[in-house]
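> Provided below: query-v3.txt, containing compact mmCIF, C-alpha atoms.
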# COMPACT_ATOMS: atom_id res chain seq x y z
CA MET A 2 -12.22 60.20 -29.31
CA ASN A 3 -9.77 57.64 -30.60
CA VAL A 4 -6.35 57.12 -29.05
CA ASP A 5 -4.34 58.87 -31.78
CA THR A 6 -6.55 61.98 -31.58
CA MET A 7 -6.06 62.15 -27.83
CA ARG A 8 -2.31 61.78 -28.22
CA LYS A 9 -2.21 64.65 -30.72
CA ILE A 10 -4.23 66.88 -28.43
CA ASP A 11 -1.97 65.94 -25.53
CA TYR A 12 1.08 67.02 -27.53
CA TYR A 13 -0.02 70.05 -29.55
CA ALA A 14 -2.22 71.59 -26.87
CA GLY A 15 -0.55 70.03 -23.85
CA VAL A 16 3.00 71.30 -24.35
CA PRO A 17 2.15 75.04 -24.62
CA LEU A 18 -0.44 74.78 -21.84
CA CYS A 19 2.07 73.05 -19.54
CA ALA A 20 4.60 75.82 -20.26
CA LEU A 21 2.01 78.51 -19.54
CA VAL A 22 0.73 76.95 -16.32
CA SER A 23 4.26 76.19 -15.13
CA GLY A 24 5.20 79.85 -15.51
CA ALA A 25 2.17 80.95 -13.52
CA MET A 26 2.90 78.42 -10.79
CA LYS A 27 6.54 79.52 -10.49
CA LEU A 28 5.32 83.06 -9.92
CA GLY A 29 2.85 81.74 -7.37
CA ARG A 30 5.61 79.95 -5.47
CA LEU A 31 7.46 83.24 -5.10
CA LEU A 32 4.41 84.76 -3.46
CA ARG A 33 3.50 81.66 -1.45
CA PRO A 34 6.48 79.36 -0.80
CA TRP A 35 5.74 75.63 -0.60
CA ARG A 36 5.80 74.00 2.82
CA ARG A 37 5.57 70.32 3.65
CA THR A 38 2.19 69.05 4.82
CA PRO A 39 1.23 65.45 5.65
CA PRO A 40 -1.03 63.74 3.06
CA LYS A 41 -4.57 63.46 4.41
CA ARG A 42 -6.86 63.77 1.38
CA VAL A 43 -5.07 62.07 -1.50
CA LEU A 44 -6.17 62.09 -5.13
CA PHE A 45 -4.83 59.49 -7.58
CA VAL A 46 -4.84 60.39 -11.29
CA GLU A 47 -5.04 57.45 -13.71
CA LEU A 48 -7.09 58.12 -16.81
CA SER A 49 -6.54 55.77 -19.69
CA GLU A 50 -5.74 52.25 -18.42
CA MET A 51 -8.33 50.03 -16.75
CA GLY A 52 -5.66 47.53 -15.78
CA SER A 53 -3.65 50.18 -13.96
CA ALA A 54 -6.64 50.87 -11.72
CA ILE A 55 -6.11 47.32 -10.42
CA ILE A 56 -2.30 47.42 -10.35
CA VAL A 57 -2.31 50.60 -8.24
CA ASP A 58 -4.49 49.05 -5.53
CA PRO A 59 -1.58 47.96 -3.25
CA ALA A 60 -0.21 51.52 -3.41
CA MET A 61 -3.60 53.01 -2.57
CA ARG A 62 -4.07 50.66 0.37
CA LYS A 63 -0.64 51.62 1.69
CA MET A 64 -1.69 55.27 1.54
CA GLN A 65 -4.93 54.33 3.28
CA ARG A 66 -3.08 52.54 6.07
CA HIS A 67 -1.30 55.82 6.79
CA GLY A 68 -4.63 57.45 7.52
CA ALA A 69 -5.34 59.14 4.18
CA GLU A 70 -8.79 59.48 2.60
CA LEU A 71 -8.60 58.38 -1.02
CA PHE A 72 -9.97 60.05 -4.16
CA PHE A 73 -9.59 59.09 -7.83
CA VAL A 74 -10.03 60.72 -11.25
CA ILE A 75 -10.39 58.52 -14.33
CA PHE A 76 -11.96 58.52 -17.80
CA SER A 77 -15.63 57.53 -17.63
CA LYS A 78 -15.32 54.36 -19.70
CA ASN A 79 -12.59 53.02 -17.39
CA ALA A 80 -14.29 53.81 -14.07
CA PRO A 81 -15.90 50.36 -13.59
CA SER A 82 -12.45 48.85 -12.95
CA LEU A 83 -12.30 50.72 -9.64
CA ARG A 84 -15.40 48.90 -8.42
CA LEU A 85 -13.84 45.44 -8.55
CA LEU A 86 -12.01 45.99 -5.26
CA GLY A 87 -13.88 49.07 -4.04
CA THR A 88 -10.87 50.63 -2.34
CA VAL A 89 -11.98 54.15 -3.28
CA PRO A 90 -15.55 55.06 -2.23
CA GLU A 91 -17.84 55.63 -5.20
CA GLU A 92 -18.57 59.20 -4.13
CA ASN A 93 -14.82 59.96 -4.18
CA VAL A 94 -14.38 59.01 -7.85
CA PHE A 95 -14.58 61.72 -10.52
CA ARG A 96 -15.21 60.62 -14.10
CA ILE A 97 -13.95 62.69 -17.00
CA ARG A 98 -15.79 62.20 -20.28
CA GLU A 99 -13.56 61.48 -23.26
CA ASP A 100 -16.29 61.08 -25.91
CA GLY A 101 -15.62 64.47 -27.53
CA LEU A 102 -13.70 67.70 -27.13
CA LEU A 103 -16.58 69.63 -25.58
CA PRO A 104 -17.46 66.97 -22.95
CA LEU A 105 -13.73 66.63 -22.19
CA ALA A 106 -13.34 70.38 -21.67
CA LEU A 107 -16.49 70.73 -19.57
CA THR A 108 -15.77 67.80 -17.26
CA THR A 109 -12.18 68.97 -16.88
CA LEU A 110 -13.41 72.30 -15.55
CA GLN A 111 -15.89 70.51 -13.32
CA PHE A 112 -13.07 68.34 -11.97
CA LEU A 113 -10.95 71.35 -11.01
CA TRP A 114 -13.89 72.75 -9.03
CA TRP A 115 -14.62 69.29 -7.52
CA ALA A 116 -11.00 68.82 -6.36
CA ARG A 117 -10.83 72.22 -4.68
CA ARG A 118 -14.22 71.81 -3.00
CA ARG A 119 -13.01 68.57 -1.43
CA GLY A 120 -9.83 70.09 -0.06
CA ILE A 121 -7.46 67.71 -1.82
CA ASP A 122 -4.02 68.27 -0.27
CA THR A 123 -2.03 65.67 -2.23
CA VAL A 124 -2.23 64.55 -5.85
CA ILE A 125 -0.38 61.46 -7.09
CA ASP A 126 -0.19 61.41 -10.89
CA LEU A 127 0.14 57.80 -12.01
CA GLU A 128 0.29 58.55 -15.72
CA LEU A 129 3.57 58.08 -17.59
CA PHE A 130 4.35 61.56 -18.89
CA SER A 131 0.86 62.65 -19.96
CA ARG A 132 0.60 66.44 -20.29
CA TYR A 133 -3.14 66.34 -19.63
CA SER A 134 -2.72 64.57 -16.29
CA ALA A 135 0.10 66.99 -15.43
CA LEU A 136 -2.30 69.89 -15.98
CA LEU A 137 -4.96 68.24 -13.82
CA THR A 138 -2.34 67.78 -11.12
CA GLY A 139 -0.96 71.30 -11.36
CA LEU A 140 -4.36 73.02 -11.35
CA SER A 141 -5.96 70.82 -8.69
CA GLY A 142 -5.15 73.24 -5.87
CA ALA A 143 -3.26 70.54 -3.94
CA ARG A 144 -0.21 71.59 -1.94
CA ASN A 145 1.63 68.30 -2.59
CA ARG A 146 1.87 67.32 -6.26
CA ILE A 147 3.69 64.08 -6.99
CA GLY A 148 4.49 62.48 -10.34
CA TYR A 149 7.14 61.33 -12.79
CA HIS A 150 9.60 63.93 -14.02
CA ALA A 151 11.73 63.58 -17.15
CA PHE A 152 14.92 65.06 -15.63
CA HIS A 153 17.48 64.57 -18.45
CA ASN A 154 15.26 62.51 -20.75
CA GLU A 155 14.47 64.23 -24.04
CA GLY A 156 11.04 64.68 -25.55
CA LEU A 157 8.99 64.14 -22.40
CA TYR A 158 8.35 67.75 -21.42
CA ARG A 159 5.24 68.36 -19.37
CA GLY A 160 6.09 71.46 -17.42
CA ASP A 161 7.28 72.04 -13.90
CA MET A 162 4.21 71.73 -11.72
CA LEU A 163 5.34 69.03 -9.31
CA THR A 164 6.47 69.60 -5.74
CA HIS A 165 7.88 66.05 -5.62
CA ARG A 166 9.65 64.91 -8.79
CA VAL A 167 9.95 61.15 -9.03
CA ALA A 168 12.29 59.20 -11.30
CA TYR A 169 10.31 56.60 -13.24
CA ASN A 170 12.20 53.30 -13.15
CA PRO A 171 11.79 51.46 -16.50
CA HIS A 172 13.41 48.34 -15.02
CA MET A 173 10.91 47.85 -12.18
CA HIS A 174 7.33 46.57 -12.29
CA ILE A 175 4.82 49.39 -12.62
CA ALA A 176 3.16 48.34 -9.34
CA LYS A 177 6.44 49.03 -7.55
CA ASN A 178 6.73 52.35 -9.37
CA PHE A 179 3.31 53.23 -7.97
CA ILE A 180 4.45 52.28 -4.47
CA ALA A 181 7.44 54.60 -4.98
CA LEU A 182 5.01 57.47 -5.63
CA VAL A 183 3.25 56.75 -2.34
CA ASN A 184 6.59 56.47 -0.54
CA THR A 185 7.37 59.92 -1.93
CA ALA A 186 4.17 61.32 -0.49
CA LEU A 187 5.04 59.82 2.90
CA SER A 188 8.69 60.95 2.88
CA GLU A 189 9.66 63.41 5.59
CA ARG A 190 12.77 64.66 3.82
CA GLU A 191 13.52 66.16 0.44
CA GLU A 192 15.15 63.91 -2.14
CA LEU A 193 16.47 64.42 -5.66
CA PRO A 194 15.14 62.41 -7.30
CA TYR A 195 12.42 60.69 -5.29
CA SER A 196 12.06 57.94 -4.14
CA LYS A 197 15.17 56.54 -2.50
CA THR A 198 13.34 53.59 -0.97
CA LEU A 199 13.34 49.83 -1.44
CA VAL A 200 10.04 48.38 -2.63
CA GLY A 201 9.76 44.67 -1.86
CA ASP A 202 7.68 42.02 -3.59
CA GLY A 203 5.52 41.74 -0.47
CA GLU A 204 4.27 45.29 -1.02
CA ILE A 205 2.54 44.53 -4.32
CA VAL A 206 0.28 41.71 -3.17
CA LEU A 207 -3.26 42.28 -4.41
CA GLU A 208 -6.38 41.87 -2.30
CA LYS A 209 -8.83 39.14 -3.37
CA VAL A 210 -12.59 39.36 -3.62
CA SER A 211 -14.76 37.17 -1.41
CA LEU A 212 -17.85 35.73 -3.08
CA SER A 213 -20.76 33.72 -1.70
CA GLU A 214 -22.38 30.75 -3.40
CA ALA A 215 -25.46 32.89 -4.02
CA GLN A 216 -23.34 35.39 -5.97
CA LEU A 217 -22.02 32.61 -8.24
CA GLN A 218 -25.39 31.12 -9.12
CA PRO A 219 -26.49 33.78 -11.69
CA ILE A 220 -23.35 33.15 -13.76
CA ARG A 221 -23.87 29.38 -13.65
CA GLN A 222 -27.43 29.95 -14.83
CA ARG A 223 -26.25 32.14 -17.68
CA VAL A 224 -23.87 29.41 -18.85
CA ARG A 225 -26.79 26.94 -18.77
CA GLU A 226 -28.82 29.31 -20.93
CA ASP A 227 -26.17 28.93 -23.64
CA TYR A 228 -25.34 25.29 -22.88
CA PRO A 229 -28.31 23.55 -21.18
CA ASP A 230 -26.29 20.43 -20.29
CA TYR A 231 -23.79 22.38 -18.20
CA ASP A 232 -23.10 20.60 -14.89
CA PRO A 233 -20.52 22.37 -12.68
CA GLN A 234 -19.81 19.09 -10.92
CA GLN A 235 -18.86 17.37 -14.16
CA GLN A 236 -17.58 20.12 -16.43
CA ARG A 237 -14.91 22.81 -16.25
CA ILE A 238 -14.92 26.23 -17.85
CA VAL A 239 -11.96 27.57 -19.83
CA LEU A 240 -12.06 31.24 -20.79
CA ILE A 241 -10.53 32.63 -23.97
CA ASN A 242 -10.12 36.40 -24.26
CA PRO A 243 -8.97 37.04 -27.86
CA ASN A 244 -9.28 40.83 -27.83
CA ALA A 245 -7.16 43.80 -26.77
CA SER A 246 -7.99 47.47 -26.34
CA GLU A 247 -7.60 50.09 -29.09
CA LEU A 248 -4.70 51.56 -27.11
CA LEU A 249 -2.34 48.97 -28.59
CA ILE A 250 -3.89 46.61 -31.13
CA GLN A 251 -0.47 45.03 -31.75
CA ARG A 252 -1.07 43.05 -28.53
CA ARG A 253 -3.47 40.69 -30.33
CA TRP A 254 -2.47 37.10 -30.97
CA MET A 255 -3.80 35.88 -34.30
CA PRO A 256 -7.51 34.85 -34.29
CA GLU A 257 -6.81 31.67 -36.28
CA ARG A 258 -4.42 30.54 -33.55
CA TYR A 259 -7.07 31.06 -30.91
CA VAL A 260 -9.37 28.90 -33.04
CA ALA A 261 -6.73 26.15 -33.25
CA LEU A 262 -6.05 26.40 -29.50
CA MET A 263 -9.74 26.08 -28.65
CA GLN A 264 -10.12 23.09 -30.97
CA ARG A 265 -7.12 21.42 -29.33
CA ILE A 266 -8.47 21.99 -25.81
CA LEU A 267 -11.91 20.67 -26.70
CA ALA A 268 -10.48 17.62 -28.47
CA GLU A 269 -8.26 16.55 -25.57
CA TYR A 270 -10.50 17.50 -22.63
CA PRO A 271 -14.11 16.36 -23.14
CA ASP A 272 -15.14 17.78 -19.75
CA VAL A 273 -14.24 21.35 -20.77
CA LEU A 274 -16.53 24.11 -21.98
CA VAL A 275 -14.74 26.96 -23.76
CA LEU A 276 -16.26 30.40 -23.26
CA ILE A 277 -15.10 33.20 -25.58
CA THR A 278 -15.25 36.40 -23.56
CA GLY A 279 -15.32 40.05 -24.53
CA ALA A 280 -17.31 43.26 -24.40
CA PRO A 281 -20.78 43.49 -26.00
CA ALA A 282 -19.23 45.28 -29.01
CA GLU A 283 -16.98 42.24 -29.56
CA ARG A 284 -19.80 39.72 -29.71
CA GLU A 285 -19.90 39.54 -33.51
CA GLU A 286 -16.16 38.87 -33.69
CA ALA A 287 -16.49 36.21 -31.00
CA GLN A 288 -19.31 34.58 -32.94
CA GLY A 289 -17.03 34.28 -35.96
CA LEU A 290 -14.45 32.44 -33.85
CA LYS A 291 -17.11 30.16 -32.38
CA LEU A 292 -18.33 29.18 -35.86
CA GLU A 293 -14.79 28.36 -36.93
CA VAL A 294 -14.20 26.19 -33.85
CA ASP A 295 -17.38 24.30 -34.80
CA SER A 296 -18.14 22.66 -31.45
CA ALA A 297 -21.24 22.72 -29.27
CA ARG A 298 -18.93 23.09 -26.26
CA CYS A 299 -17.55 26.39 -27.59
CA ILE A 300 -19.78 29.23 -26.42
CA ASN A 301 -19.87 32.87 -27.46
CA PHE A 302 -19.99 34.53 -24.03
CA ALA A 303 -18.97 38.03 -25.15
CA GLY A 304 -21.25 40.61 -23.54
CA ARG A 305 -23.00 37.98 -21.41
CA VAL A 306 -21.70 39.26 -18.09
CA LYS A 307 -21.55 42.78 -16.75
CA PHE A 308 -18.18 44.17 -15.81
CA GLY A 309 -18.96 43.88 -12.10
CA GLU A 310 -19.74 40.16 -12.56
CA LEU A 311 -16.29 39.28 -13.92
CA PRO A 312 -14.97 38.11 -10.52
CA GLN A 313 -17.84 35.59 -10.34
CA LEU A 314 -17.06 34.29 -13.82
CA TYR A 315 -13.35 34.02 -13.02
CA THR A 316 -14.05 32.22 -9.75
CA LEU A 317 -16.09 29.57 -11.57
CA SER A 318 -13.48 29.00 -14.28
CA ALA A 319 -10.53 26.61 -14.41
CA LEU A 320 -8.26 29.03 -16.31
CA MET A 321 -8.13 31.84 -18.83
CA VAL A 322 -5.92 32.49 -21.86
CA SER A 323 -5.80 36.18 -22.74
CA ASN A 324 -4.01 38.77 -24.77
CA ASP A 325 -2.13 41.36 -22.73
CA SER A 326 -5.15 43.50 -21.83
CA GLY A 327 -7.50 44.37 -19.00
CA PRO A 328 -8.87 40.88 -18.20
CA GLY A 329 -5.36 39.68 -17.34
CA HIS A 330 -5.41 42.24 -14.53
CA PHE A 331 -9.10 42.00 -13.61
CA SER A 332 -8.72 38.26 -12.99
CA ALA A 333 -5.99 39.00 -10.43
CA VAL A 334 -8.68 39.73 -7.82
CA THR A 335 -9.45 35.97 -7.87
CA ASP A 336 -7.27 32.83 -7.68
CA MET A 337 -8.04 31.67 -11.23
CA PRO A 338 -4.89 30.73 -13.19
CA THR A 339 -4.41 33.16 -16.07
CA PHE A 340 -2.07 32.79 -19.03
CA VAL A 341 -1.26 36.08 -20.74
CA LEU A 342 0.39 36.48 -24.15
CA PHE A 343 2.87 39.37 -24.24
CA GLY A 344 4.48 40.99 -27.27
CA PRO A 345 4.83 44.79 -27.55
CA GLU A 346 5.03 45.05 -23.76
CA THR A 347 6.94 43.02 -21.21
CA PRO A 348 5.57 41.08 -18.22
CA ALA A 349 8.56 42.31 -16.23
CA LEU A 350 6.87 45.73 -16.10
CA TYR A 351 3.18 45.01 -16.73
CA GLY A 352 2.62 41.44 -15.62
CA SER A 353 -0.55 40.67 -13.68
CA LEU A 354 -0.35 40.65 -9.88
CA GLY A 355 -2.55 37.57 -9.72
CA ASN A 356 -2.11 33.84 -10.32
CA SER A 357 -0.70 34.58 -13.75
CA THR A 358 1.78 32.97 -16.13
CA PRO A 359 3.19 35.16 -18.91
CA ILE A 360 3.86 33.69 -22.36
CA TYR A 361 6.51 35.89 -23.93
CA ALA A 362 9.00 35.32 -26.75
CA GLY A 363 11.24 38.27 -25.91
CA ILE A 364 12.57 38.85 -29.44
CA ALA A 365 15.15 41.59 -30.04
CA CYS A 366 12.68 44.41 -30.80
CA SER A 367 10.32 43.57 -27.92
CA PRO A 368 9.14 45.38 -25.91
CA CYS A 369 8.74 48.26 -28.36
CA VAL A 370 6.49 50.50 -26.28
CA SER A 371 7.55 52.37 -23.18
CA ALA A 372 7.15 55.62 -21.27
CA ALA A 373 9.73 57.14 -23.63
CA ASN A 374 7.47 56.77 -26.69
CA HIS A 375 4.13 57.26 -24.93
CA ARG A 376 3.35 53.59 -25.59
CA LYS A 377 3.04 54.12 -29.33
CA THR A 378 4.95 51.86 -31.69
CA PRO A 379 5.56 52.10 -35.48
CA CYS A 380 5.23 48.31 -35.71
CA ILE A 381 2.58 46.92 -38.08
CA ASP A 382 3.96 43.37 -38.08
CA ASN A 383 3.80 41.91 -34.55
CA VAL A 384 6.28 39.09 -35.04
CA CYS A 385 6.69 39.08 -31.24
CA LEU A 386 3.29 37.36 -31.05
CA GLN A 387 3.46 35.52 -34.35
CA VAL A 388 6.41 33.44 -33.10
CA ILE A 389 4.28 32.15 -30.19
CA THR A 390 2.78 28.91 -31.48
CA VAL A 391 -0.43 27.12 -30.60
CA GLU A 392 1.65 24.18 -29.43
CA GLN A 393 3.64 26.40 -27.07
CA VAL A 394 0.52 27.89 -25.51
CA PHE A 395 -1.18 24.51 -25.21
CA ASP A 396 1.88 22.95 -23.57
CA THR A 397 1.96 25.84 -21.11
CA ILE A 398 -1.66 25.45 -20.02
CA ARG A 399 -1.69 21.62 -20.16
CA PRO A 400 -0.48 21.06 -16.56
CA THR A 401 -3.36 23.18 -15.26
CA LEU A 402 -5.86 21.38 -17.49
CA ASP A 403 -4.52 18.03 -16.27
CA GLU A 404 -5.32 18.95 -12.67
CA LYS A 405 -8.69 17.59 -11.63
CA THR A 406 -10.41 19.59 -8.94
Have the structure of the file written as structure tokens, please.

Amino acid sequence: MNVDTMRKIDYYAGVPLCALVSGAMKLGRLLRPWRRTPPKRVLFVELSEMGSAIIVDPAMRKMQRHGAELFFVIFSKNAPSLRLLGTVPEENVFRIREDGLLPLALTTLQFLWWARRRGIDTVIDLELFSRYSALLTGLSGARNRIGYHAFHNEGLYRGDMLTHRVAYNPHMHIAKNFIALVNTALSEREELPYSKTLVGDGEIVLEKVSLSEAQLQPIRQRVREDYPDYDPQQQRIVLINPNASELLIQRRWMPERYVALMQRILAEYPDVLVLITGAPAEREEAQGLKLEVDSARCINFAGRVKFGELPQLYTLSALMVSNDSGPGHFSAVTDMPTFVLFGPETPALYGSLGNSTPIYAGIACSPCVSAANHRKTPCIDNVCLQVITVEQVFDTIRPTLDEKT
């Protein structure tokens, strides 16, 4: 299903269902009053964002350090992002299919059975005001149910199924908001609203992957297959990720500017190979960009590595320029410098936790997506990215390109 269809279902079916389930749960609380229990088997709910599965990792590890066993529920297509760091065991991840109404309904019912069979005692809903995730949380059977509550905000109704109602802070990085949810689960006193805690920068440091030389060799060989003269001792790899997910296509910088940027890099740095990255479905688009660049050192690498091999590719590369999308977060598990172009969203809230430099104009209407509008904007003219010039991006990455390793 496409994003707009899912949003409509979430609204038109989600609102009445949340009202119905909330009523039933209020009646249940009269018969069985809630009592505080320590979190031991904790389920995180994050369905639609692959990047968030990386950003939440510091929060999950904090929960783990307090002795909790971790579980996760996510849409099937986004599940590979959890494997990059492997914090949640594979057998503790439930995948909900989103490729049609019937598969969605069936796997939802299977999830509710799965959660109860595993004795989940605490659910932490990471979604920003999704009714569907609220229903998963409310019907999970968990005694502790933690998530964002609208309080006095209008238009964000998703029932009253939470035992711990947390105030989402739109002025704080989302990684710190996730830590606040964990702090709520660990709190030994009632608060209104949760969480009255200070979250420091040191709490959102991301773990890095450790790779052996043997793990890097297959990626080097794949580069040689496309560019036989590749010598890692003499040449550097620069990655260009020109795509963004369907969730917010306004995040895309213009393709012709990526072409001009690649031509500029190749002209000034003869030791650089430019690899255009992307999913297999984006290979044709990447090929069009490669043909426009018109250089043997520009390689269409879309679909050439599996998702689980991205850390190897990032480790071998000198830097990456990317739209604000998943790769900006996936690369954070390595030390590779990443330069991310922001427009409809702000790096203050969604910046990568890695070695990342945001490129952001910050015009008056930006950011235009937030929790308050379910990250949907009426904008069809992304001036916020159009005002970012090729020269500006090149000048930003130049110091890194000038460093010889």
> Quick one: residues within 9 Å of Leu129 in chain A, all atoms listed in the file, excluding same-chain residues fewer than 6 positions away - as a PyMOL selection string?
chain A and resi 148-149+169+371-373+375
> Rank A:Tyr13, A:Phe302, A:Trp115, A:Phe340 by their smallest atom-to-atom distance to Leu320 in chain A, using all atoms listed in the file, and report the top residue only.
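Among A:Tyr13, A:Phe302, A:Trp115, A:Phe340, it is A:Phe340 that comes nearest to Leu320 in chain A.
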> Name the closest residue to Val43 in chain A among the candidates A:Asp382, A:Glu91, A:Glu192, A:Asp122; distances are taken between atoms, counting only C-alpha atoms.
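When distances to Val43 in chain A are compared using only C-alpha atoms, the smallest one comes from A:Asp122.
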> Using CA of Thr335 in chain A and CA of Leu212 in chain A as the two end points, give the distance in Å to one decimal.
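Taking CA of Thr335 in chain A and CA of Leu212 in chain A, their separation equals 9.7 Å.
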> What's the 8 Å shell around range 177-188 of chain A, counting all atoms listed in the file, without same-chain residues fewer than 6 positions away, as a ChimeraX atom specification?
/A:39-40,57,59-61,63-64,123,125,127,145,147-148,165,167,169-170,195-196,198,200-201,204-205
> Write out as an MDAnalysis selection string the residues lying within 12 Å of range 98-113 of chain A, counting only C-alpha atoms and excluding same-chain residues fewer than 3 positions away.
chainID A and resid 2:4 6:7 10:11 44 46 48:49 72:80 93:95 116:121 133:134 136:143
> Interatomic distance between CA of Ile300 in chain A and CA of Leu240 in chain A?
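Atom-to-atom, CA of Ile300 in chain A to CA of Leu240 in chain A, that is 9.8 Å.
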> One number please: CA of Trp254 in chain A to CA of Asn324 in chain A, in Å, one decimal.
6.6 Å
> Let me make sure I understand: among A:Ile250, A:Met337, A:Met26, A:Ala151, which one has the smallest atom-to-atom distance to Cys380 in chain A if we use all atoms listed in the file?
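With all atoms listed in the file as the atom set, the closest residue is A:Ile250.
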> Counting only C-alpha atoms, figure out which residue out of A:Pro219, A:Ser296, A:Arg190, A:Gly52 gets nearest to Ser353 in chain A.
A:Gly52
